[in-house]
$ cat entry-v8.tsv   # TSV, C-alpha atoms
chain	number	residue	atom	x	y	z
D	1	MET	CA	-1.61	2.96	21.21
D	2	ARG	CA	-4.91	1.77	19.71
D	3	LEU	CA	-6.85	4.06	17.41
D	4	THR	CA	-10.58	4.56	17.73
D	5	THR	CA	-12.83	3.77	14.79
D	6	SER	CA	-13.20	7.44	13.97
D	7	GLU	CA	-9.41	7.90	14.04
D	8	GLN	CA	-9.02	4.93	11.69
D	9	ALA	CA	-11.59	6.41	9.32
D	10	ASP	CA	-9.82	9.76	9.45
D	11	GLY	CA	-6.54	8.03	8.67
D	12	TYR	CA	-8.02	6.46	5.55
D	13	LEU	CA	-9.46	9.77	4.43
D	14	ARG	CA	-6.00	11.32	4.86
D	15	LEU	CA	-4.63	8.49	2.66
D	16	SER	CA	-2.35	7.03	5.34
D	17	GLU	CA	-2.87	5.60	8.78
D	18	MET	CA	0.10	5.23	11.11
D	19	ILE	CA	-0.12	2.17	13.32
D	20	VAL	CA	1.82	2.08	16.59
D	21	GLU	CA	2.42	-1.32	18.18
D	22	GLU	CA	4.16	-0.23	21.34
D	23	GLU	CA	4.44	-3.79	22.67
D	24	LEU	CA	7.25	-4.22	20.10
D	25	CYS	CA	9.18	-1.09	21.16
D	26	ILE	CA	12.61	-1.91	22.58
D	27	ASN	CA	12.33	0.92	25.11
D	28	LEU	CA	9.31	-0.72	26.72
D	29	ARG	CA	10.90	-4.16	26.58
D	30	GLY	CA	14.14	-2.97	28.11
D	31	ARG	CA	12.47	-0.60	30.59
D	32	LEU	CA	14.91	2.09	29.49
D	33	GLU	CA	14.65	4.86	26.90
D	34	HIS	CA	17.74	4.10	24.85
D	35	CYS	CA	16.27	4.26	21.32
D	36	THR	CA	14.98	7.58	19.95
D	37	ARG	CA	15.44	6.96	16.22
D	38	CYS	CA	11.80	7.48	15.22
D	39	ARG	CA	11.49	10.66	17.25
D	40	ASP	CA	14.78	12.00	15.89
D	41	VAL	CA	13.68	11.73	12.25
D	42	CYS	CA	10.07	12.90	12.68
D	43	PRO	CA	9.84	16.31	10.92
D	44	SER	CA	6.60	17.28	12.70
D	45	ASP	CA	7.60	16.36	16.27
D	46	ALA	CA	4.59	14.04	16.47
D	47	LEU	CA	6.21	11.22	18.46
D	48	SER	CA	6.80	11.15	22.22
D	49	LEU	CA	8.79	8.30	23.76
D	50	SER	CA	9.35	6.93	27.23
D	51	ALA	CA	10.03	3.59	28.87
D	52	ASP	CA	6.25	3.28	29.32
D	53	ALA	CA	4.66	4.31	26.02
D	54	VAL	CA	4.98	5.39	22.39
D	55	ASP	CA	2.61	8.29	21.82
D	56	LEU	CA	1.71	9.53	18.35
D	57	ASP	CA	0.02	12.93	18.10
D	58	GLN	CA	-2.47	12.45	15.28
D	59	GLN	CA	-2.94	16.19	14.93
D	60	LYS	CA	0.77	16.77	14.28
D	61	CYS	CA	1.44	13.67	12.18
D	62	THR	CA	1.50	14.45	8.45
D	63	GLY	CA	1.69	10.82	7.32
D	64	CYS	CA	5.12	11.31	5.74
D	65	ASN	CA	6.13	7.82	6.99
D	66	SER	CA	9.71	9.01	7.65
D	67	CYS	CA	9.75	7.05	10.89
D	68	LEU	CA	9.09	3.66	9.27
D	69	PRO	CA	12.63	2.68	8.21
D	70	SER	CA	14.15	4.09	11.42
D	71	CYS	CA	12.41	1.76	13.89
D	72	PRO	CA	14.58	-1.34	14.48
D	73	ALA	CA	11.71	-3.21	16.14
D	74	GLY	CA	8.97	-2.61	13.57
D	75	ALA	CA	6.78	-0.93	16.19
D	76	LEU	CA	5.61	1.56	13.54
D	77	ARG	CA	3.68	0.53	10.44
D	78	SER	CA	1.63	2.32	7.82
D	79	SER	CA	-1.53	1.24	6.07
D	80	GLY	CA	-0.48	3.41	3.14
D	81	PHE	CA	3.09	2.22	2.51
D	82	VAL	CA	3.97	-1.47	2.61
D	83	PRO	CA	7.60	-2.24	1.64
D	84	GLU	CA	6.86	-5.63	0.03
D	85	ARG	CA	4.04	-4.18	-2.06
D	86	PHE	CA	6.29	-1.31	-3.12
D	87	ILE	CA	9.16	-3.56	-4.22
D	88	SER	CA	6.77	-5.86	-6.07
D	89	ALA	CA	5.56	-2.84	-8.05
D	90	LEU	CA	9.13	-2.13	-9.21
D	91	ALA	CA	10.02	-5.68	-10.24
D	92	GLY	CA	11.37	-6.02	-13.78
D	93	ARG	CA	11.91	-2.29	-14.41
D	94	GLU	CA	15.44	-1.03	-15.06
D	95	ARG	CA	14.44	2.60	-14.49
D	96	VAL	CA	11.77	3.71	-12.04
D	97	ASP	CA	10.39	7.24	-11.67
D	98	LEU	CA	9.47	7.89	-8.05
D	99	HIS	CA	7.33	10.89	-7.12
D	100	CYS	CA	6.71	12.14	-3.61
D	101	ARG	CA	3.35	13.67	-2.82
D	102	ALA	CA	4.82	17.16	-3.22
D	103	SER	CA	6.09	16.40	-6.74
D	104	THR	CA	4.50	18.52	-9.46
D	105	GLY	CA	6.53	17.09	-12.31
D	106	ALA	CA	4.98	15.69	-15.45
D	107	GLY	CA	5.06	12.05	-16.49
D	108	GLY	CA	4.13	8.78	-14.87
D	109	GLY	CA	5.78	6.73	-12.18
D	110	VAL	CA	5.25	5.48	-8.67
D	111	VAL	CA	4.03	7.86	-5.96
D	112	ILE	CA	5.22	7.34	-2.38
D	113	PRO	CA	4.44	9.40	0.75
D	114	CYS	CA	7.92	10.95	0.94
D	115	HIS	CA	11.35	9.98	-0.34
D	116	SER	CA	12.43	9.54	3.27
D	117	VAL	CA	10.67	6.13	3.31
D	118	LEU	CA	13.57	4.84	1.19
D	119	ASP	CA	16.52	3.26	2.91
D	120	ALA	CA	19.45	1.11	1.79
D	121	ARG	CA	17.61	-2.13	2.56
D	122	LEU	CA	14.65	-1.18	0.38
D	123	ILE	CA	16.78	0.00	-2.55
D	124	SER	CA	19.03	-3.08	-2.33
D	125	ALA	CA	15.89	-5.21	-2.57
D	126	ALA	CA	14.85	-3.17	-5.62
D	127	ARG	CA	18.26	-3.87	-7.14
D	128	ALA	CA	17.62	-7.59	-6.65
D	129	GLU	CA	14.46	-7.12	-8.74
D	130	GLY	CA	16.43	-5.58	-11.60
D	131	VAL	CA	16.15	-1.84	-10.84
D	132	GLU	CA	19.26	0.07	-11.96
D	133	THR	CA	18.09	3.70	-11.76
D	134	LEU	CA	15.71	5.43	-9.37
D	135	ALA	CA	14.69	8.89	-10.58
D	136	LEU	CA	13.48	10.82	-7.53
D	137	HIS	CA	11.04	13.58	-8.49
D	138	GLY	CA	10.00	16.36	-6.14
D	139	LEU	CA	13.21	16.92	-4.18
D	140	ASP	CA	13.20	20.53	-5.34
D	141	HIS	CA	10.23	21.01	-2.97
D	142	CYS	CA	12.06	19.59	0.08
D	143	ALA	CA	13.05	22.96	1.53
D	144	GLY	CA	10.17	23.94	3.78
D	145	CYS	CA	8.06	20.91	2.81
D	146	ARG	CA	5.50	19.97	5.47
D	147	TYR	CA	6.52	16.33	4.99
D	148	GLY	CA	10.15	17.08	5.82
D	149	ASP	CA	13.42	17.32	3.91
D	150	ALA	CA	14.62	13.96	2.56
D	151	ARG	CA	17.79	15.12	0.82
D	152	ASP	CA	20.30	14.46	3.61
D	153	THR	CA	18.76	11.05	4.24
D	154	LEU	CA	19.08	10.14	0.57
D	155	ARG	CA	22.73	11.17	0.46
D	156	GLN	CA	23.45	8.88	3.40
D	157	VAL	CA	21.52	6.08	1.71
D	158	ALA	CA	23.58	6.54	-1.46
D	159	GLU	CA	26.82	6.25	0.54
D	160	THR	CA	25.59	3.11	2.27
D	161	LEU	CA	24.62	1.54	-1.05
D	162	VAL	CA	28.13	2.06	-2.39
D	163	GLU	CA	29.56	0.40	0.74
D	164	TRP	CA	27.26	-2.59	0.29
D	165	LEU	CA	27.09	-2.98	-3.50
D	166	GLY	CA	29.98	-1.00	-4.92
D	167	GLU	CA	29.62	-0.34	-8.65
D	168	ALA	CA	26.46	-2.47	-8.76
D	169	ALA	CA	24.57	0.03	-6.58
D	170	PRO	CA	21.50	1.54	-8.28
D	171	LEU	CA	21.85	5.13	-9.43
D	172	LEU	CA	19.83	7.60	-7.37
D	173	ASP	CA	19.02	10.44	-9.75
D	174	LEU	CA	18.26	13.34	-7.39
D	175	ALA	CA	17.48	15.85	-10.15
D	176	PRO	CA	15.76	13.98	-12.99
D	177	ALA	CA	14.32	15.78	-15.98
D	178	ASP	CA	10.53	15.60	-16.26
D	179	GLY	CA	9.62	13.07	-18.89
D	180	ALA	CA	7.21	13.87	-21.66
D	181	ARG	CA	5.53	10.49	-21.31
D	182	LYS	CA	1.99	11.01	-20.01
D	183	ALA	CA	1.42	7.80	-18.12
D	184	ALA	CA	-0.76	7.06	-15.14
D	185	ARG	CA	0.90	7.21	-11.75
D	186	GLU	CA	0.82	4.30	-9.33
D	187	TYR	CA	0.02	5.47	-5.84
D	188	GLN	CA	1.85	3.53	-3.14
D	189	ASP	CA	0.80	5.90	-0.35
D	190	GLN	CA	-2.91	5.15	-0.23
D	191	PRO	CA	-4.71	2.01	0.90
D	192	HIS	CA	-7.19	0.37	-1.42
D	193	LEU	CA	-10.50	1.65	-0.09
D	194	SER	CA	-13.62	0.39	-1.80
D	195	ARG	CA	-16.87	2.34	-1.83
D	196	ARG	CA	-18.35	-0.16	0.64
D	197	ALA	CA	-15.38	0.29	2.98
D	198	PHE	CA	-15.63	4.06	2.66
D	199	LEU	CA	-19.32	3.99	3.64
D	200	ARG	CA	-18.57	1.58	6.49
D	201	PHE	CA	-15.90	3.86	7.92
D	202	GLY	CA	-18.06	6.93	7.44
D	203	GLY	CA	-20.97	5.26	9.24
D	204	ALA	CA	-18.68	4.08	12.03
D	205	GLN	CA	-17.38	7.60	12.51
D	206	ALA	CA	-20.93	9.00	12.75
D	207	MET	CA	-21.91	6.31	15.25
D	208	THR	CA	-18.81	6.96	17.33
D	209	GLN	CA	-19.55	10.68	17.49
D	210	ALA	CA	-23.19	9.98	18.44
D	211	ALA	CA	-22.12	7.55	21.18
D	212	GLU	CA	-19.67	10.10	22.58
D	213	TRP	CA	-22.46	12.71	22.66
D	214	ILE	CA	-24.84	10.34	24.50
D	215	VAL	CA	-22.20	8.80	26.82
D	216	PRO	CA	-19.27	11.19	27.17
D	217	GLY	CA	-15.90	9.52	27.40
D	218	LEU	CA	-13.23	10.11	30.01
D	219	SER	CA	-11.36	13.37	29.98
D	220	PRO	CA	-7.59	13.16	29.36
D	221	GLU	CA	-6.99	13.80	33.07
D	222	GLU	CA	-9.36	10.98	34.07
D	223	ALA	CA	-7.82	8.62	31.53
D	224	ASP	CA	-4.32	9.35	32.85
D	225	ALA	CA	-5.50	8.74	36.40
D	226	ASP	CA	-6.82	5.28	35.48
D	227	ALA	CA	-3.78	4.32	33.43
D	228	LEU	CA	-1.24	1.85	34.75
D	229	PRO	CA	1.86	3.55	36.23
D	230	PHE	CA	4.10	1.78	33.71
D	231	TYR	CA	3.95	-0.66	30.83
D	232	GLN	CA	3.16	-4.12	32.16
D	233	SER	CA	3.23	-7.32	30.16
D	234	SER	CA	4.32	-10.90	30.70
D	235	VAL	CA	4.02	-11.69	26.98
D	236	PHE	CA	6.46	-10.25	24.44
D	237	PRO	CA	5.26	-10.86	20.87
D	238	GLN	CA	7.76	-11.16	18.04
D	239	ARG	CA	7.26	-9.94	14.48
D	240	THR	CA	9.59	-9.66	11.51
D	241	VAL	CA	10.40	-6.04	10.60
D	242	GLN	CA	8.93	-5.29	7.16
D	243	TYR	CA	12.03	-3.47	5.86
D	244	GLN	CA	14.25	-6.29	7.09
D	245	GLU	CA	12.07	-9.01	5.61
D	246	VAL	CA	11.92	-7.42	2.16
D	247	LEU	CA	15.73	-7.54	1.93
D	248	ALA	CA	16.19	-10.89	3.69
D	249	SER	CA	13.90	-12.64	1.19
D	250	ARG	CA	16.09	-11.36	-1.68
D	251	ALA	CA	19.54	-11.57	-0.05
D	252	GLY	CA	20.77	-14.22	-2.46
D	253	ARG	CA	19.93	-12.08	-5.52
D	254	VAL	CA	21.56	-8.83	-4.37
D	255	PRO	CA	24.95	-8.13	-6.08
D	256	TRP	CA	26.92	-7.60	-2.86
D	257	ARG	CA	30.33	-5.98	-3.01
D	258	ASP	CA	33.15	-8.53	-2.83
D	259	GLY	CA	34.95	-8.60	0.52
D	260	ALA	CA	32.65	-6.08	2.20
D	261	PRO	CA	30.76	-7.05	5.38
D	262	LEU	CA	27.12	-7.81	4.72
D	263	PRO	CA	24.50	-5.55	6.38
D	264	TRP	CA	23.66	-8.13	9.06
D	265	LYS	CA	25.15	-9.00	12.42
D	266	ARG	CA	25.50	-12.46	13.86
D	267	ARG	CA	25.24	-13.17	17.58
D	268	SER	CA	26.80	-15.72	19.90
D	269	VAL	CA	27.00	-16.15	23.66
D	270	ASN	CA	30.15	-16.56	25.73
D	271	ALA	CA	30.89	-18.61	28.84
D	272	LEU	CA	29.35	-15.96	31.11
D	273	CYS	CA	25.83	-16.81	29.89
D	274	SER	CA	23.60	-18.04	32.73
D	275	GLY	CA	20.82	-19.24	30.41
D	276	CYS	CA	18.23	-16.79	31.79
D	277	LEU	CA	16.64	-16.50	28.28
D	278	ALA	CA	15.83	-12.78	28.77
D	279	CYS	CA	17.35	-11.90	25.38
D	280	GLY	CA	15.32	-14.48	23.49
D	281	GLU	CA	12.08	-13.67	25.28
D	282	ARG	CA	12.31	-9.92	24.64
D	283	CYS	CA	13.78	-9.84	21.13
D	284	PRO	CA	11.12	-7.98	19.08
D	285	THR	CA	11.98	-9.40	15.64
D	286	GLY	CA	12.28	-13.10	16.45
D	287	ALA	CA	15.97	-13.16	15.54
D	288	LEU	CA	16.62	-14.55	19.01
D	289	GLN	CA	14.14	-17.16	20.17
D	290	ALA	CA	14.01	-18.85	23.57
D	291	SER	CA	12.43	-22.17	24.38
D	292	GLU	CA	12.20	-24.01	27.67
D	293	SER	CA	10.96	-27.40	28.77
D	294	GLY	CA	11.38	-29.39	31.94
D	295	GLN	CA	14.48	-31.01	30.45
D	296	ALA	CA	16.35	-28.14	28.79
D	297	ARG	CA	16.64	-24.47	27.89
D	298	GLU	CA	17.55	-23.44	24.36
D	299	LEU	CA	18.40	-20.19	22.59
D	300	SER	CA	18.52	-19.92	18.79
D	301	PHE	CA	19.40	-17.11	16.37
D	302	ASP	CA	18.46	-16.21	12.79
D	303	PRO	CA	20.79	-13.46	11.47
D	304	LEU	CA	18.49	-12.46	8.60
D	305	LEU	CA	15.86	-11.27	11.07
D	306	CYS	CA	18.26	-9.25	13.24
D	307	THR	CA	18.12	-5.45	12.87
D	308	ASP	CA	21.00	-4.88	15.32
D	309	CYS	CA	18.75	-3.00	17.75
D	310	LEU	CA	21.21	-3.92	20.57
D	311	LEU	CA	18.41	-4.73	23.03
D	312	CYS	CA	19.86	-8.19	23.75
D	313	GLU	CA	23.25	-6.70	24.66
D	314	ARG	CA	21.73	-4.04	26.90
D	315	ILE	CA	19.48	-6.30	28.92
D	316	CYS	CA	21.85	-9.26	29.32
D	317	PRO	CA	22.70	-9.32	33.06
D	318	GLU	CA	25.97	-11.17	32.43
D	319	GLY	CA	27.19	-9.24	29.37
D	320	ALA	CA	27.30	-12.56	27.50
D	321	ILE	CA	26.01	-11.48	24.04
D	322	VAL	CA	28.81	-11.24	21.46
D	323	PRO	CA	28.16	-9.56	18.04
D	324	HIS	CA	30.00	-10.62	14.86
D	325	SER	CA	30.07	-9.22	11.34
D	326	ALA	CA	28.58	-11.42	8.64
D	327	LEU	CA	31.19	-11.84	5.88
D	328	ALA	CA	29.71	-14.63	3.78
D	329	LEU	CA	26.23	-15.09	2.40
D	330	ASP	CA	26.19	-18.79	3.24
D	331	GLU	CA	26.45	-17.82	6.93
D	332	LEU	CA	23.09	-16.11	6.57
D	333	GLU	CA	21.39	-18.56	4.26
D	334	ALA	CA	22.13	-21.39	6.68
D	335	GLY	CA	19.18	-20.05	8.66
D	336	ARG	CA	18.50	-20.39	12.37
D	337	SER	CA	21.25	-21.89	14.50
D	338	LEU	CA	21.30	-23.08	18.10
D	339	LEU	CA	23.36	-20.88	20.43
D	340	PHE	CA	23.05	-23.13	23.46
D	341	HIS	CA	21.25	-26.16	24.82
D	342	LEU	CA	21.36	-26.34	28.62
D	343	PRO	CA	19.97	-29.41	30.40
D	344	GLN	CA	17.68	-28.70	33.36
D	345	ARG	CA	16.62	-30.64	36.43
D	346	PRO	CA	13.94	-30.04	39.10
D	347	CYS	CA	15.15	-28.22	42.19
D	348	GLY	CA	15.42	-30.57	45.16
D	349	ARG	CA	13.58	-28.11	47.44
D	350	CYS	CA	11.01	-26.20	45.35
D	351	GLY	CA	10.73	-28.41	42.29
D	352	THR	CA	11.32	-25.56	39.83
D	353	PRO	CA	13.44	-26.56	36.79
D	354	PHE	CA	16.89	-24.96	36.84
D	355	VAL	CA	20.22	-25.21	35.04
D	356	PRO	CA	22.82	-26.70	37.43
D	357	ALA	CA	26.23	-25.04	37.48
D	358	ASP	CA	27.81	-28.45	38.05
D	359	PRO	CA	26.45	-32.02	37.96
D	360	ALA	CA	26.42	-32.28	41.75
D	361	GLU	CA	24.19	-29.20	42.28
D	362	GLU	CA	20.73	-30.23	43.51
D	363	ASN	CA	19.04	-26.91	44.36
D	364	CYS	CA	18.29	-23.82	42.28
D	365	ARG	CA	20.12	-20.61	43.08
D	366	VAL	CA	17.33	-19.21	45.28
D	367	CYS	CA	16.95	-22.39	47.29
D	368	GLY	CA	20.71	-22.77	47.43
D	369	ASN	CA	21.02	-19.32	49.03
D	370	GLU	CA	18.26	-20.14	51.48
D	371	GLN	CA	20.02	-23.39	52.38
D	372	GLU	CA	23.24	-21.50	53.06
D	373	LEU	CA	21.40	-19.07	55.37
D	374	ASP	CA	19.74	-21.97	57.19
D	375	ASP	CA	23.11	-23.63	57.66
D	376	GLU	CA	24.62	-20.41	59.00
D	377	TRP	CA	21.80	-20.02	61.53
D	378	LEU	CA	22.16	-23.61	62.66
D	379	ASP	CA	25.91	-23.12	63.08
D	380	MET	CA	25.30	-19.97	65.17
D	381	LEU	CA	22.71	-21.71	67.36
D	382	SER	CA	24.83	-24.78	67.89
D	383	GLY	CA	28.01	-22.79	68.42
$ encode --input "entry-v8.tsv" --output "structure tokens"
Amino acid sequence: MRLTTSEQADGYLRLSEMIVEEELCINLRGRLEHCTRCRDVCPSDALSLSADAVDLDQQKCTGCNSCLPSCPAGALRSSGFVPERFISALAGRERVDLHCRASTGAGGGVVIPCHSVLDARLISAARAEGVETLALHGLDHCAGCRYGDARDTLRQVAETLVEWLGEAAPLLDLAPADGARKAAREYQDQPHLSRRAFLRFGGAQAMTQAAEWIVPGLSPEEADADALPFYQSSVFPQRTVQYQEVLASRAGRVPWRDGAPLPWKRRSVNALCSGCLACGERCPTGALQASESGQARELSFDPLLCTDCLLCERICPEGAIVPHSALALDELEAGRSLLFHLPQRPCGRCGTPFVPADPAEENCRVCGNEQELDDEWLDMLSG
């Protein structure tokens, strides 16, 4: 869903703009609503999902950013909270005071939209940068907070961190004492908006409103009538998920727990694979990548980019995708590996490249079926 200029300006004035890139959503790619994670965690019921669209109600959205870590495809981003920028701000600090926007405590620290933007990947990345304690200020305001209640989420994150890191897991101090140190706070929940940018957005908003007054836009009913009946695209872009990337780039510096499975999944394909490449073409993160030439089809996999969204397993027509736990860091650091390389040849009838099931096969599956029907008709006519 694209925002108008006035909606973008309003987002900046509200300190956070949510960006929805629905072409990355696994529901739209799989043509089936099987992921509802963002909608399930949204405290304001601002997200509506279907196999055709991801709709964000700007009037309901509070900009808490709770949905960001939940999306396995990275279809949701925020202009006001960037994981890499956040982790870079914590680098080199053993103790970090984190304040949510509802925090009224004294002292300095880093301000984030809501503590629900934290997940185990983000905190593990912070541990790789030397952070040993995260003091979370403002949780006493969670009950009834318009930005939602982050306490249950943080307890689950703490449990996950112990599974991953054991005794090396950073301490999450859920009830820190307010420090007496009067230091400036670093705001991670607002984009850097210069005076020139502010005036530009303000002018754009005024122009948009004037244009709408002179040339009224379509009503919601008219817009729905002109909309396509379902999401249509022949191009499926791939983009690394920000939360995944911030941990993947620091995987070698995280003190993982000995013997515990790493928080990544590897993928392989079994003998049932037909080489259709659907999994590689529709993978939103680029973990699976498909390539095809006149001579061969290839499928490769990078485990560090995989968020285990399960889209590849759900859309595989042969059930050929096999998941594996990653037990050793060198399995991940080896990078992208080739899952298959299938030679192709031109079909003897239509000329389309295809993967022969055996060396003697000359026609693609479609032409092969047509040839069988032709042969049956000839047998009937001659019989």
$ atom_distance --input "entry-v8.tsv" --atom1 "CA of Gly286 (chain D)" --atom2 "CA of Gly63 (chain D)"
27.7 Å
$ axis_aligned_box --input "entry-v8.tsv" --around "region 127-141 of chain D" --padding-each-side "3 Å" --output "lines of an AutoDock Vina configuration file"
center_x = 14.6
center_y = 6.7
center_z = -7.5
size_x = 15.3
size_y = 34.6
size_z = 15.0
$ residues_near_point --input "entry-v8.tsv" --point "(17.2, -22.6, 20.7)" --cutoff "8 Å" --atoms "only C-alpha atoms" --output "PyMOL selection string"
chain D and resi 289-291+297-301+337-341
$ write_last_selection --input "entry-v8.tsv" --atoms "C-alpha atoms" --output "PDB file, keeping the file's coordinate frame"
ATOM      1  CA  GLN D 289      14.140 -17.160  20.170  1.00  0.00           C
ATOM      2  CA  ALA D 290      14.010 -18.850  23.570  1.00  0.00           C
ATOM      3  CA  SER D 291      12.430 -22.170  24.380  1.00  0.00           C
ATOM      4  CA  ARG D 297      16.640 -24.470  27.890  1.00  0.00           C
ATOM      5  CA  GLU D 298      17.550 -23.440  24.360  1.00  0.00           C
ATOM      6  CA  LEU D 299      18.400 -20.190  22.590  1.00  0.00           C
ATOM      7  CA  SER D 300      18.520 -19.920  18.790  1.00  0.00           C
ATOM      8  CA  PHE D 301      19.400 -17.110  16.370  1.00  0.00           C
ATOM      9  CA  SER D 337      21.250 -21.890  14.500  1.00  0.00           C
ATOM     10  CA  LEU D 338      21.300 -23.080  18.100  1.00  0.00           C
ATOM     11  CA  LEU D 339      23.360 -20.880  20.430  1.00  0.00           C
ATOM     12  CA  PHE D 340      23.050 -23.130  23.460  1.00  0.00           C
ATOM     13  CA  HIS D 341      21.250 -26.160  24.820  1.00  0.00           C
TER      14      HIS D 341
END
$ atom_distance --input "entry-v8.tsv" --atom1 "CA of Glu94 (chain D)" --atom2 "CA of Trp164 (chain D)"
19.4 Å
$ closest_residue --input "entry-v8.tsv" --among "D:Ala46, D:Leu378, D:Ala53, D:Val41" --to "Ala150 (chain D)" --atoms "all atoms listed in the file"
D:Val41
$ atom_distance --input "entry-v8.tsv" --atom1 "CA of Ser249 (chain D)" --atom2 "CA of Ser124 (chain D)"
11.4 Å
$ closest_residue --input "entry-v8.tsv" --among "D:Arg127, D:Asp149, D:Trp256, D:Ala175" --to "Ala102 (chain D)" --atoms "only C-alpha atoms"
D:Asp149
$ closest_residue --input "entry-v8.tsv" --among "D:Pro176, D:Ala169, D:Arg349, D:Cys64" --to "Arg365 (chain D)" --atoms "only C-alpha atoms"
D:Arg349
$ residues_around --input "entry-v8.tsv" --residues "Arg95 (chain D)" --least-positions-apart "6" --cutoff "7 Å" --atoms "all atoms listed in the file" --output "MDAnalysis selection string"
chainID D and resid 131:134
$ closest_residue --input "entry-v8.tsv" --among "D:Ala120, D:Val20, D:Val241, D:Val246" --to "Arg85 (chain D)" --atoms "only C-alpha atoms"
D:Val246
$ residues_near_point --input "entry-v8.tsv" --point "(4.4, -11.7, 19.3)" --cutoff "10 Å" --atoms "all atoms listed in the file" --output "list in words"
Glu23, Leu24, Val235, Phe236, Pro237, Gln238, Arg239, Thr240, Glu281, Arg282, Cys283, Pro284, Thr285 and Gly286 of chain D
$ closest_residue --input "entry-v8.tsv" --among "D:Asn27, D:Ser382, D:Asn363, D:Ser103" --to "Arg314 (chain D)" --atoms "all atoms listed in the file"
D:Asn27
$ closest_residue --input "entry-v8.tsv" --among "D:Ser78, D:Phe354, D:Leu139, D:His324" --to "Val366 (chain D)" --atoms "all atoms listed in the file"
D:Phe354
$ residues_around --input "entry-v8.tsv" --residues "Cys42 (chain D)" --least-positions-apart "4" --cutoff "9 Å" --atoms "only C-alpha atoms" --output "PyMOL selection string"
chain D and resi 37-38+46-47+61+64-67+148
$ residues_around --input "entry-v8.tsv" --residues "Val117 (chain D)" --least-positions-apart "2" --cutoff "12 Å" --atoms "all atoms listed in the file" --output "ChimeraX atom specification"
/D:41-42,63-71,77-78,80-83,86,98-100,111-115,119-123,147-151,153-154,157,188-189,243
